[in-house]
Amino acid sequence: MIKIYLAPLQGLTDWIFRESYTQHIGTFDKTFTPFIRVQGHDFYRPSQCNDLLPTHNTLQKPVPQFLGNDFESFKRFEDLCLEHQYTEANINMGCPYPMVTGRRMGAGLLEHPAEVEALLNGIFTETKLKISVKCRLGMRNPIEFEQLIFVLNAFPLEEIIIHPRVGKQQYKGEADVEAFARYAPQLRHPVCYNGDIRSVNDVKLIQTEAPQVDRIMIGRGLLENPFLLAEIRGQELTQKEKISMLRKFHQALISPGTY
Ligand SMILES: Cc1cc2nc3c(=O)[nH]c(=O)nc-3n(C[C@H](O)[C@H](O)[C@H](O)COP(=O)(O)O)c2cc1C
């Protein structure tokens, strides 16, 4: 059975969303916190750290996500993860917003493979965590990924989640499933597909194009249709069941802690 992950969506899939969803609709194989930005060796917005507090994540622990570009900042983030008994962290190399990419973070890192390498070198020198990466195919052109494959393959990553757009597209245009299918087998790590999955047919397309892929991540498609997880898993729900689940889910969203 294909593994299904919940995409991190800043301002949307926070702990309140994740707990409410798990309680009333379904359990993902993995969830991720929206990015926690660390810059100049310190938390850019300390309130982002609240999302990974164990008291907020009672049903399923997410994978905490780091947004930054230097090892010292990562160290600060790792200490927070270890303090709360997390065992895995994800590095954001996909955020396309100019305020982030202009500082060579998120997708902005991808056009500087030497900086990706330096960051991963620093992290793997002493990290106690399992490390995964969430990235795009590049910042400006998918061809950038050819160099990144060499860099990524040099590190013992847990997995690589690829959203096959480039940073400058932000969310416009099409996700390049063809390029994804070409590059995924060249990585020595498990690869997860992410981008524009809105239906069971979309999943079938990915499985046809890239048959070796055994994990997908869904974000906006789940917000449009909270039952997409069940549909992909072939679980049948009656209209009555769906209405009841949706009511409880919404109630939990607006009054967290009472579910
Ligand atoms: C509003 C919004 C916030 C996002 N926040 C994050 C984030 O914090 N970390 C991250 O890795 N990706 C973030 N993303 C990207 C998503 O995780 C995902 O890669 C993207 O939406 C494509 O997947 P989808 O088509 O299934 O939504 C965000 C996307 C949106 C639209």
# chains A, B, ... in the order shown; residues from 1 in each chain; ligands from 1
>>> residues_near_ligand(ligand="ligand 1", cutoff="10 Å", atoms="only C-alpha atoms and all ligand atoms", output="PyMOL selection string")
chain A and resi 5-14+32-37+64-67+90-97+106-107+133-136+161-165+170-171+175+193-198+216-224
>>> select_by_dssp(residues="range 107-151 of chain A", states="alpha helix (DSSP H)", output="PyMOL selection string")
chain A and resi 113-126+144-151
>>> residues_around(residues="Pro226 in chain A", least_positions_apart="2", cutoff="12 Å", atoms="only C-alpha atoms", output="PyMOL selection string")
chain A and resi 6+17-18+20-22+24-28+198-199+218-224+228-232+242-243+245-247+249-250
>>> atom_distance(atom1="CA of Lys240 in chain A", atom2="CA of Thr31 in chain A")
27.3 Å
>>> closest_atom_pairs(of="range 23-83 of chain A", to="range 109-122 of chain A", cutoff="9 Å", atoms="only C-alpha atoms", output="tab-separated table")
residue	atom	partner	partner_atom	distance
A:Asn69	CA	A:Leu119	CA	6.5
A:Asp70	CA	A:Leu119	CA	5.7
A:Phe71	CA	A:Gly122	CA	5.5
A:Glu72	CA	A:Gly122	CA	8.6
A:Phe74	CA	A:Leu119	CA	8.8
>>> closest_residue(among="A:Met139, A:Ala89, A:Ala252, A:Leu129", to="Gly102 in chain A", atoms="only C-alpha atoms")
A:Met139
>>> select_by_dssp(residues="range 19-216 of chain A", states="strand (DSSP E)", output="ChimeraX atom specification")
/A:30-31,36-39,42-43,65-67,88-93,130-135,160-162,191-194,215-216
>>> write_last_selection(atoms="N, CA and C atoms", output="mmCIF file, in the first residue's frame")
data_model
loop_
_atom_site.group_PDB
_atom_site.id
_atom_site.type_symbol
_atom_site.label_atom_id
_atom_site.label_comp_id
_atom_site.auth_asym_id
_atom_site.auth_seq_id
_atom_site.Cartn_x
_atom_site.Cartn_y
_atom_site.Cartn_z
ATOM 1 N N LYS A 30 2.729 9.823 7.732
ATOM 2 C CA LYS A 30 3.648 10.784 8.346
ATOM 3 C C LYS A 30 3.062 12.177 8.186
ATOM 4 N N THR A 31 3.330 13.031 9.163
ATOM 5 C CA THR A 31 2.985 14.448 9.013
ATOM 6 C C THR A 31 4.251 15.273 9.281
ATOM 7 N N ILE A 36 10.003 25.823 10.467
ATOM 8 C CA ILE A 36 10.429 26.635 11.602
ATOM 9 C C ILE A 36 11.699 27.334 11.129
ATOM 10 N N ARG A 37 11.608 28.642 10.963
ATOM 11 C CA ARG A 37 12.724 29.368 10.337
ATOM 12 C C ARG A 37 13.769 29.761 11.369
ATOM 13 N N VAL A 38 15.003 29.397 11.072
ATOM 14 C CA VAL A 38 16.099 29.742 11.970
ATOM 15 C C VAL A 38 17.114 30.542 11.154
ATOM 16 N N GLN A 39 17.415 31.712 11.632
ATOM 17 C CA GLN A 39 18.265 32.625 10.860
ATOM 18 C C GLN A 39 19.214 33.324 11.821
ATOM 19 N N ASP A 42 19.327 31.873 15.333
ATOM 20 C CA ASP A 42 18.226 31.970 16.293
ATOM 21 C C ASP A 42 16.876 31.850 15.599
ATOM 22 N N PHE A 43 15.838 31.543 16.379
ATOM 23 C CA PHE A 43 14.518 31.379 15.784
ATOM 24 C C PHE A 43 13.993 32.722 15.307
ATOM 25 N N GLN A 65 10.171 20.552 10.700
ATOM 26 C CA GLN A 65 10.855 21.027 9.488
ATOM 27 C C GLN A 65 11.673 22.289 9.754
ATOM 28 N N PHE A 66 12.926 22.251 9.290
ATOM 29 C CA PHE A 66 13.896 23.346 9.463
ATOM 30 C C PHE A 66 13.974 24.174 8.195
ATOM 31 N N LEU A 67 13.886 25.488 8.347
ATOM 32 C CA LEU A 67 14.170 26.392 7.224
ATOM 33 C C LEU A 67 15.331 27.286 7.637
ATOM 34 N N GLU A 88 13.666 12.618 14.100
ATOM 35 C CA GLU A 88 13.867 12.886 12.673
ATOM 36 C C GLU A 88 13.587 14.359 12.397
ATOM 37 N N ALA A 89 14.277 14.939 11.432
ATOM 38 C CA ALA A 89 13.998 16.317 11.028
ATOM 39 C C ALA A 89 14.036 16.404 9.507
ATOM 40 N N ASN A 90 13.288 17.368 8.986
ATOM 41 C CA ASN A 90 13.234 17.584 7.535
ATOM 42 C C ASN A 90 13.793 18.960 7.210
ATOM 43 N N ILE A 91 14.583 19.011 6.133
ATOM 44 C CA ILE A 91 15.185 20.285 5.725
ATOM 45 C C ILE A 91 14.391 20.844 4.555
ATOM 46 N N ASN A 92 13.921 22.081 4.709
ATOM 47 C CA ASN A 92 13.136 22.728 3.654
ATOM 48 C C ASN A 92 14.071 23.312 2.592
ATOM 49 N N MET A 93 14.000 22.751 1.383
ATOM 50 C CA MET A 93 14.735 23.311 0.241
ATOM 51 C C MET A 93 13.732 23.556 -0.881
ATOM 52 N N LYS A 130 17.611 11.514 12.301
ATOM 53 C CA LYS A 130 17.481 11.088 10.906
ATOM 54 C C LYS A 130 17.103 12.336 10.125
ATOM 55 N N ILE A 131 17.684 12.474 8.932
ATOM 56 C CA ILE A 131 17.465 13.711 8.168
ATOM 57 C C ILE A 131 16.843 13.395 6.811
ATOM 58 N N SER A 132 15.753 14.113 6.505
ATOM 59 C CA SER A 132 15.182 14.039 5.157
ATOM 60 C C SER A 132 15.174 15.440 4.556
ATOM 61 N N VAL A 133 14.968 15.494 3.236
ATOM 62 C CA VAL A 133 14.965 16.780 2.533
ATOM 63 C C VAL A 133 13.660 16.906 1.763
ATOM 64 N N LYS A 134 13.073 18.121 1.755
ATOM 65 C CA LYS A 134 11.921 18.390 0.882
ATOM 66 C C LYS A 134 12.366 19.487 -0.077
ATOM 67 N N CYS A 135 12.330 19.177 -1.373
ATOM 68 C CA CYS A 135 12.900 20.132 -2.325
ATOM 69 C C CYS A 135 12.077 20.246 -3.597
ATOM 70 N N ILE A 160 13.758 11.658 0.342
ATOM 71 C CA ILE A 160 13.735 12.955 -0.335
ATOM 72 C C ILE A 160 12.335 13.165 -0.900
ATOM 73 N N ILE A 161 11.721 14.254 -0.503
ATOM 74 C CA ILE A 161 10.376 14.577 -0.990
ATOM 75 C C ILE A 161 10.552 15.624 -2.086
ATOM 76 N N ILE A 162 10.045 15.330 -3.274
ATOM 77 C CA ILE A 162 10.252 16.253 -4.397
ATOM 78 C C ILE A 162 8.931 16.823 -4.885
ATOM 79 N N VAL A 191 12.202 8.014 -2.488
ATOM 80 C CA VAL A 191 11.728 9.307 -3.000
ATOM 81 C C VAL A 191 10.219 9.380 -2.857
ATOM 82 N N CYS A 192 9.747 10.535 -2.410
ATOM 83 C CA CYS A 192 8.317 10.774 -2.225
ATOM 84 C C CYS A 192 7.868 11.822 -3.244
ATOM 85 N N TYR A 193 6.756 11.561 -3.924
ATOM 86 C CA TYR A 193 6.224 12.542 -4.889
ATOM 87 C C TYR A 193 5.272 13.508 -4.186
ATOM 88 N N ASN A 194 5.386 14.785 -4.487
ATOM 89 C CA ASN A 194 4.462 15.790 -3.946
ATOM 90 C C ASN A 194 4.103 16.806 -5.029
ATOM 91 N N ARG A 215 5.628 6.340 -2.005
ATOM 92 C CA ARG A 215 5.121 7.310 -1.034
ATOM 93 C C ARG A 215 4.761 8.623 -1.736
ATOM 94 N N ILE A 216 3.666 9.208 -1.296
ATOM 95 C CA ILE A 216 3.240 10.494 -1.861
ATOM 96 C C ILE A 216 2.897 11.431 -0.708
#
>>> residues_around(residues="Ala181 in chain A", least_positions_apart="6", cutoff="10 Å", atoms="only C-alpha atoms", output="list in words")
Pro164, Tyr193, Ile206, Gln207, Thr208, Glu209, Ala210, Pro211, Gln212 and Val213 of chain A
>>> atom_distance(atom1="CA of Gln147 in chain A", atom2="CA of Gly68 in chain A")
20.7 Å
>>> closest_residue(among="A:Lys61, A:Lys168, A:Arg76, A:Lys3", to="Thr101 in chain A", atoms="only C-alpha atoms")
A:Lys168
>>> decode(residues="range 170-216 of chain A", atoms="N, CA and C atoms", output="compact mmCIF listing (two decimals), in the first residue's frame")
# COMPACT_ATOMS: atom_id res chain seq x y z
N GLN A 170 6.82 29.38 -8.27
CA GLN A 170 6.00 29.33 -7.07
C GLN A 170 4.97 28.20 -7.25
N TYR A 171 3.68 28.52 -7.39
CA TYR A 171 2.70 27.43 -7.58
C TYR A 171 2.06 27.48 -8.96
N LYS A 172 2.65 28.28 -9.86
CA LYS A 172 2.05 28.43 -11.20
C LYS A 172 2.51 27.30 -12.13
N GLY A 173 1.79 27.18 -13.24
CA GLY A 173 2.18 26.18 -14.24
C GLY A 173 1.94 24.77 -13.72
N GLU A 174 2.50 23.83 -14.46
CA GLU A 174 2.26 22.42 -14.15
C GLU A 174 3.40 21.84 -13.31
N ALA A 175 3.08 20.87 -12.47
CA ALA A 175 4.14 20.08 -11.84
C ALA A 175 4.71 19.17 -12.93
N ASP A 176 6.03 19.07 -13.01
CA ASP A 176 6.68 18.34 -14.10
C ASP A 176 6.87 16.86 -13.72
N VAL A 177 5.79 16.10 -13.89
CA VAL A 177 5.81 14.68 -13.49
C VAL A 177 6.85 13.91 -14.31
N GLU A 178 6.99 14.32 -15.56
CA GLU A 178 7.95 13.63 -16.44
C GLU A 178 9.39 13.77 -15.90
N ALA A 179 9.75 15.02 -15.54
CA ALA A 179 11.10 15.24 -15.00
C ALA A 179 11.26 14.48 -13.69
N PHE A 180 10.20 14.48 -12.86
CA PHE A 180 10.25 13.72 -11.60
C PHE A 180 10.57 12.25 -11.89
N ALA A 181 9.83 11.69 -12.87
CA ALA A 181 9.99 10.26 -13.18
C ALA A 181 11.39 9.96 -13.72
N ARG A 182 11.98 10.95 -14.37
CA ARG A 182 13.33 10.76 -14.93
C ARG A 182 14.38 10.81 -13.82
N TYR A 183 14.21 11.74 -12.88
CA TYR A 183 15.24 11.95 -11.87
C TYR A 183 15.13 11.00 -10.66
N ALA A 184 13.89 10.64 -10.29
CA ALA A 184 13.71 9.86 -9.04
C ALA A 184 14.58 8.60 -9.01
N PRO A 185 14.65 7.82 -10.11
CA PRO A 185 15.46 6.58 -10.03
C PRO A 185 16.95 6.85 -9.91
N GLN A 186 17.38 8.09 -10.16
CA GLN A 186 18.81 8.38 -10.07
C GLN A 186 19.25 8.71 -8.64
N LEU A 187 18.26 8.83 -7.75
CA LEU A 187 18.59 9.08 -6.34
C LEU A 187 18.69 7.75 -5.62
N ARG A 188 19.62 7.65 -4.69
CA ARG A 188 19.77 6.35 -4.01
C ARG A 188 18.89 6.26 -2.76
N HIS A 189 18.09 7.28 -2.53
CA HIS A 189 17.23 7.31 -1.35
C HIS A 189 15.79 7.01 -1.74
N PRO A 190 14.96 6.63 -0.75
CA PRO A 190 13.52 6.56 -1.05
C PRO A 190 13.03 7.96 -1.45
N VAL A 191 12.20 8.01 -2.49
CA VAL A 191 11.73 9.31 -3.00
C VAL A 191 10.22 9.38 -2.86
N CYS A 192 9.75 10.53 -2.41
CA CYS A 192 8.32 10.77 -2.23
C CYS A 192 7.87 11.82 -3.24
N TYR A 193 6.76 11.56 -3.92
CA TYR A 193 6.22 12.54 -4.89
C TYR A 193 5.27 13.51 -4.19
N ASN A 194 5.39 14.79 -4.49
CA ASN A 194 4.46 15.79 -3.95
C ASN A 194 4.10 16.81 -5.03
N GLY A 195 2.80 17.10 -5.14
CA GLY A 195 2.39 18.18 -6.03
C GLY A 195 1.12 17.91 -6.80
N ASP A 196 0.09 18.71 -6.50
CA ASP A 196 -1.16 18.72 -7.29
C ASP A 196 -1.92 17.40 -7.27
N ILE A 197 -1.79 16.63 -6.20
CA ILE A 197 -2.60 15.40 -6.13
C ILE A 197 -3.98 15.78 -5.58
N ARG A 198 -4.98 15.61 -6.43
CA ARG A 198 -6.34 16.02 -6.06
C ARG A 198 -7.33 14.87 -6.18
N SER A 199 -6.90 13.74 -6.71
CA SER A 199 -7.84 12.63 -6.92
C SER A 199 -7.08 11.31 -6.97
N VAL A 200 -7.85 10.22 -6.91
CA VAL A 200 -7.26 8.89 -7.00
C VAL A 200 -6.57 8.73 -8.37
N ASN A 201 -7.16 9.32 -9.40
CA ASN A 201 -6.56 9.23 -10.73
C ASN A 201 -5.18 9.90 -10.78
N ASP A 202 -5.03 11.00 -10.05
CA ASP A 202 -3.72 11.67 -10.01
C ASP A 202 -2.68 10.72 -9.41
N VAL A 203 -3.08 9.96 -8.41
CA VAL A 203 -2.13 9.02 -7.79
C VAL A 203 -1.78 7.92 -8.80
N LYS A 204 -2.80 7.46 -9.53
CA LYS A 204 -2.54 6.40 -10.53
C LYS A 204 -1.56 6.88 -11.59
N LEU A 205 -1.68 8.15 -11.97
CA LEU A 205 -0.78 8.71 -12.98
C LEU A 205 0.68 8.67 -12.48
N ILE A 206 0.86 9.07 -11.21
CA ILE A 206 2.23 9.05 -10.65
C ILE A 206 2.74 7.61 -10.63
N GLN A 207 1.87 6.68 -10.24
CA GLN A 207 2.32 5.27 -10.15
C GLN A 207 2.65 4.70 -11.53
N THR A 208 1.96 5.21 -12.56
CA THR A 208 2.26 4.75 -13.91
C THR A 208 3.58 5.35 -14.39
N GLU A 209 3.74 6.65 -14.15
CA GLU A 209 4.94 7.35 -14.63
C GLU A 209 6.20 6.96 -13.85
N ALA A 210 6.03 6.75 -12.54
CA ALA A 210 7.19 6.46 -11.67
C ALA A 210 6.85 5.28 -10.77
N PRO A 211 6.85 4.05 -11.36
CA PRO A 211 6.35 2.88 -10.62
C PRO A 211 7.12 2.53 -9.36
N GLN A 212 8.36 3.01 -9.25
CA GLN A 212 9.14 2.66 -8.06
C GLN A 212 8.76 3.51 -6.84
N VAL A 213 7.97 4.55 -7.05
CA VAL A 213 7.64 5.46 -5.94
C VAL A 213 6.57 4.83 -5.04
N ASP A 214 6.90 4.73 -3.75
CA ASP A 214 5.97 4.06 -2.84
C ASP A 214 5.42 5.01 -1.79
N ARG A 215 5.63 6.34 -2.00
CA ARG A 215 5.12 7.31 -1.03
C ARG A 215 4.76 8.62 -1.74
N ILE A 216 3.67 9.21 -1.30
CA ILE A 216 3.24 10.49 -1.86
C ILE A 216 2.90 11.43 -0.71
